[in-house]
Every structure is written in structure tokens, then in C-alpha cells.
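Step one of this worksheet: look at the structure below.
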Amino acid sequence: RSDGGLFVAACEMAFAGRAGVTLNLDPIAFDAAADDVDAFKRNAEEQLAGRAKDLALAALFSEELGAVLQVRAADREPVMQAFRDAGLGDHAHVVGHLNARDEIRITRNAQPLFAKPRVELQRAWSETSWRIASLRDNPELAQQEYDRILDKEDPGLSVALSFSPQAFVGKGKKPRIAILREQGVNGQVEMAAAFDRAGFEAVDVHMTDLIAGRMTLDGFKGFAAGGGFSYGDVLGGGRGWASSILFIPRVREQFEKFFARADTFALGACNGCQMLAAMRELVPGGGRWPRFVRNRSEQFEARLVLVEIPESPSIFFRGMAGSRIPIATAHGEGRALFDADADLKDAIVAMRYVDNKGRIAETYPYNPNGSPQGITGVTTKDGRFTVVMPHPERVFRNIQMSWAPDAAGEDSPWMQMFYNARRWVG
């Protein structure tokens, strides 16, 4: 029971699940003295009514140690038996169920004590946050998020795949991929883990290794630049990282040589996306990529959002076009800003934000950064170089998802893009 007791805990569960809940107080507001005739001489009816109200309020708002657990109806008896076996049978009670009215209802002795629409209570619960965000952040987007509560037809997150996930089973020597990192980058381990699982030999390559000449990009089939806060984002997301490539001749020459090879590929995610976009002049076919600037929300956005994979030549998304999959985002500067309308029109889009109904998202928070047309990933004409603002490497296993469908397997759908890269290498 959170602050506020049973009532607040049940309401917060209803808000998160967008469902109605009926609470029955009979098991936890029982008055053992109600049948004791000697206890109530005069004004018995008035005294009993007052006592009943006190018991109801105590049951609803007590903040003593307790928990609210939602289980399927079919699992109710095994769960209750587990409490009894643990010696907690007298402290476990069935106190409610979902209702189809989308209301928060409270009953006692089969009589209603309280009933309000879930939407009305959720708006009241969210009002303080909305008012703070309206003053502190972008008021237009704060209103969009607040108004989302009114949409009773929002189906929530879902997974819709146009492909059957298929692992790659390789033989022989594993191709090497450089997992690039810079000061402040923190996503290199999960990026390496995803490529390693797909059949690559992931090699940790710090930018100081390239600058000092301890390592080169020769011998690598690809490189991946992951998420984090290079240079603490002091110089803007990824631009400081890109500068250490663009303005150091030895390093710039290595990347130019790498990009010129026909058998190489690269992936940039989040901070790595910002970095690759900032060095687009070196990327064959990336010259008209957008820059990635501060989110319209004026906030760092860390959410599980829904994206769609459109048809594109990206080697990472082959066979995945039309799929809608939840993915993690975590960025403060993720809004795609194109230098010209023609660049936006001609962009080769590899990933878009969509709302929970599958429509291209331009409203907040379905589109968390305000990118035009929901664009959050682009690629090149040959598909070898792709940048995406969300984090597929952070959710390549379903256990990493804050939500996944029932009976989901070990690999999440995002693992397919790493397998696709391995297939492309051959």
C-alpha cells in the first residue's frame, strides 16, 4: 500500500492499467461488535453508522504495512493457499475485482459507498504534475500528455511483427566489429553483448586507442557507436565525439578509409546516432541526414515507446518492414532537425515513432522528442550505415523490456536486426 493506503494503491493500479476497479470492504472493515446488543443502548443506529464509516475510512486509508496483489481469477485459490501455508491466512483477503465500467467503485454490505470514473480520478491525480510541467517545460506538450488520459480507446503498447524471428547460426571465424566509445559513453557493454549474441567478435575500441595509434579500424567489418553522454553532453549530444574524428587528421583518415570500403557497415544509437549524424560529411550517402537537437519537451526523455519499421534499404531491418515494436528511449537531444525541407522530403527513413494505434506520431509523449513525421532513424541508399535515436541494444532480450507480451521468448524482436547484420556479412 503506497502513501494513501488501499484506495491510492488501487487507483494507481487502475490508472496504469486503464481499467475500472471495484473494491469490496466487507472482508477488511468487519465490525465484530455490531451484534453485541449490550454495547449499544441508546442511539444504536446512529452509533453503528458512525462506526461503519470509521471502519471504512480505516480500511481505505490505513498506511500500515500491507500490499495489494492482482492475480487472475483462476489463480486466486493457489495464491490464498500459499498465504495460508505461510501462516498469513488471517491477513490475506480478496478485496476486489476489475469492472467493465472504467470506474473506481467501493462497496460495503452490497451497497455502493463511492463511484467515480477512472478518467476523472486520474486527471485529478495527474493535475499537479501537469501544472508543474506547464510552467517548467513546454506547455503545449504538457497539455498533450495530460489530454492523453481522456482517450478511452488507447489500446496501450503492443507488438505486431511482419517477420518470424530467426537466429543466425554461423560457422567458422567470427567477423570483428569495433564497439566504439568515448569519454562519458556508457552503452558499450550492452551493444557488445547484442553483436556477440548475433555471432560477431565484439572488440572494445576507445577513441583514445585510435587517436594514439594503438588501434586502427583495419580488419573490422563494422563499428557500432552506442549510447551515453560523450563529454558529458557539454558540447551537445555527440558533437564533441564527432569533433574528435573530424578534426584529428589521423583519425579522420581512418574513418574515411573505413567508409570507402564496400564490405563495411556501421550503426549509431542515441549518442552514437548524434555522433554519426554530426560527421555526416564523411558518411557515403549521409550528407543530408538531420542533426539531432534538444527535445521539444525540454526534458530528458526515458520511456518505452512504440516505433514502426518502414520499408528501407537498411541492412539491419531487412524483412522487418511494417513491424511495430516497443523500444527504449533515453535522450535529451533527440529531435531530428533537417537543414532543408528537401532533405526531410528525401530522407530514407529507417524508423518512426507511432502511437498505440499505429499512426505516425507527432504528439507527445508518443513522439518523445518532437521529430517531424515521427522520424527517429535514417539510413543510406545502400543501407550499410544506419542511425537510430532509440536503444535497440538495450532491449534485445525480452527480459530487458518493462513490458513484453505473454509467453515472449528469450530474444526480443530487436535481436533480429543484429542477426540481419551478421547475415549481411556472410
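Ligands are numbered from 1 in the order shown, residues from 1 within each chain, and chains are lettered A, B, ... in the order they appear in the C-alpha cells.
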
Close residues, A:Leu161 itself excluded, 9 Å, only C-alpha atoms, min 3 positions apart in chain, as a list in words: Ser164, Pro165, Met320, Ala321, Gly322, Ser323, Arg324, Ile325 and Pro413 of chain A

Print the selection's residues with N, CA, C and O atoms to a file, as an mmCIF file, in the first residue's frame.
```cif
data_model
loop_
_atom_site.group_PDB
_atom_site.id
_atom_site.type_symbol
_atom_site.label_atom_id
_atom_site.label_comp_id
_atom_site.auth_asym_id
_atom_site.auth_seq_id
_atom_site.Cartn_x
_atom_site.Cartn_y
_atom_site.Cartn_z
ATOM 1 N N SER A 164 9.074 -13.573 -38.998
ATOM 2 C CA SER A 164 9.272 -14.602 -37.981
ATOM 3 C C SER A 164 10.722 -14.525 -37.526
ATOM 4 O O SER A 164 11.635 -14.745 -38.328
ATOM 5 N N PRO A 165 10.955 -14.185 -36.250
ATOM 6 C CA PRO A 165 12.339 -14.065 -35.771
ATOM 7 C C PRO A 165 13.140 -15.323 -36.056
ATOM 8 O O PRO A 165 12.664 -16.438 -35.857
ATOM 9 N N MET A 320 11.921 -6.700 -41.985
ATOM 10 C CA MET A 320 11.195 -6.261 -40.796
ATOM 11 C C MET A 320 10.199 -5.145 -41.095
ATOM 12 O O MET A 320 9.497 -4.686 -40.183
ATOM 13 N N ALA A 321 10.095 -4.699 -42.354
ATOM 14 C CA ALA A 321 9.228 -3.576 -42.699
ATOM 15 C C ALA A 321 7.787 -3.866 -42.308
ATOM 16 O O ALA A 321 7.273 -4.966 -42.522
ATOM 17 N N GLY A 322 7.143 -2.853 -41.750
ATOM 18 C CA GLY A 322 5.753 -2.980 -41.322
ATOM 19 C C GLY A 322 5.596 -3.405 -39.881
ATOM 20 O O GLY A 322 4.477 -3.363 -39.348
ATOM 21 N N SER A 323 6.669 -3.797 -39.230
ATOM 22 C CA SER A 323 6.584 -4.232 -37.834
ATOM 23 C C SER A 323 6.455 -3.029 -36.908
ATOM 24 O O SER A 323 7.048 -1.972 -37.144
ATOM 25 N N ARG A 324 5.681 -3.201 -35.837
ATOM 26 C CA ARG A 324 5.572 -2.205 -34.776
ATOM 27 C C ARG A 324 6.019 -2.867 -33.470
ATOM 28 O O ARG A 324 5.463 -3.887 -33.064
ATOM 29 N N ILE A 325 7.025 -2.255 -32.831
ATOM 30 C CA ILE A 325 7.671 -2.887 -31.685
ATOM 31 C C ILE A 325 7.984 -1.822 -30.633
ATOM 32 O O ILE A 325 8.514 -0.761 -30.969
ATOM 33 N N PRO A 413 12.157 -8.991 -30.407
ATOM 34 C CA PRO A 413 12.208 -8.763 -31.864
ATOM 35 C C PRO A 413 13.403 -7.939 -32.303
ATOM 36 O O PRO A 413 13.843 -8.050 -33.456
#
```

- request: From a DSSP calculation on the backbone, collect every residue of stretch 187-313 of chain A in helix (DSSP H, G or I) and output the set as a PyMOL selection string.
  value: chain A and resi 188-198+207-212+230-233+239-246+249-260+271-278+280-282

task: Find the residues around A:Cys11 up to 10 Å (only C-alpha atoms counted), leave out those fewer than 3 positions away in its own chain, and share them as a ChimeraX atom specification.
output: /A:6-8,14-21,103-104,118,121-122,125

message: Quick one: residues within 12 Å of A:Ala110, only C-alpha atoms, excluding same-chain residues fewer than 6 positions away - as a ChimeraX atom specification?
response: /A:22-26

- request: Would you please give, as a list in words, all residues of stretch 342-406 of chain A that DSSP assigns to strand (DSSP E or B) based on the backbone?
  value: Val349, Ala350, Met351, Arg352, Tyr353, Val354, Ile360, Ile375, Thr376, Gly377, Val378, Thr379, Phe385, Thr386, Val387, Val388, His391 and Arg397 of chain A

Pairwise distance for atom CA of A:Arg197 and atom CA of A:Met401, rounded to one decimal in Å: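 The value is 17.4 Å.
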
query: Between A:Gly286, A:Gly89, A:Gly232, A:Gly96, which is the closest to A:Val71 once you count only C-alpha atoms?
result: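 The closest residue to A:Val71 is A:Gly96.
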
field: Nearest to A:Phe223 by atom-to-atom distance, counting only C-alpha atoms, from A:Pro290, A:Pro175, A:Pro27, A:Pro284
entry: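 Under the stated criterion, the closest residue is A:Pro175.
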
- prompt: Between A:Ile177, A:Ile245, A:Leu210, A:Leu69, which is the closest to A:Ala92 once you count only C-alpha atoms?
  reply: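 So, comparing all the options, the nearest one is A:Leu69.
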
message: Give me the residues near stretch 349-362 of chain A as a PyMOL selection string, where near means some atom within 7 Å (using only C-alpha atoms) and where sequence neighbours in that chain fewer than 6 positions away do not count.
response: chain A and resi 154-157+306-310+312+314+370+372-379

message: Using only C-alpha atoms, can you tell me which of A:His91, A:Arg101, A:Arg76, A:Arg1 comes closest to A:Phe61?
response: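 Between A:His91, A:Arg101, A:Arg76, A:Arg1, the residue approaching A:Phe61 most closely is A:Arg1.
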
message: With distances taken over only C-alpha atoms, which residue among A:Gly236, A:Gly319, A:Pro313, A:Gly285 lies nearest A:Asn420?
response: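 Nearest candidate to A:Asn420 out of A:Gly236, A:Gly319, A:Pro313, A:Gly285: A:Gly319.
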
- request: List the neighbours of stretch 259-264 of chain A out to 8 Å using only C-alpha atoms; skip same-chain residues closer than 6 positions along the sequence, and give me the result as a ChimeraX atom specification.
  value: /A:220-222,282-284,384,425

Surrounding residues of A:Glu64 excluding itself and chain neighbours under 3 positions, 12 Å, only C-alpha atoms, as a PyMOL selection string: chain A and resi 1-6+58-61+67

With C-alpha atoms retained, write the just-selected residues as a PDB file, in the first residue's frame.
```
ATOM      1  CA  ARG A   1       0.000   0.000   0.000  1.00  0.00           C
ATOM      2  CA  SER A   2       1.544   3.232  -1.107  1.00  0.00           C
ATOM      3  CA  ASP A   3       1.088   6.577   0.615  1.00  0.00           C
ATOM      4  CA  GLY A   4      -2.655   6.886   0.917  1.00  0.00           C
ATOM      5  CA  GLY A   5      -3.368   3.243   1.695  1.00  0.00           C
ATOM      6  CA  LEU A   6      -5.537   0.776  -0.185  1.00  0.00           C
ATOM      7  CA  ALA A  58      -9.520   2.992   8.176  1.00  0.00           C
ATOM      8  CA  ALA A  59      -9.680   0.157   5.629  1.00  0.00           C
ATOM      9  CA  LEU A  60      -9.249   2.533   2.697  1.00  0.00           C
ATOM     10  CA  PHE A  61      -6.572   4.888   4.002  1.00  0.00           C
ATOM     11  CA  ALA A  67       0.337  -4.867  -0.165  1.00  0.00           C
TER      12      ALA A  67
END
```

message: Could you tell me how far atom CA of A:Leu55 sits from atom CA of A:Ala10, in Å to one decimal place?
response: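 Taking atom CA of A:Ala10 as the start and atom CA of A:Leu55 as the end point, the length is 17.9 Å.
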
query: What is the distance between atom CA of A:Glu182 and atom CA of A:Ala269, in Å to one decimal?
result: 13.7 Å
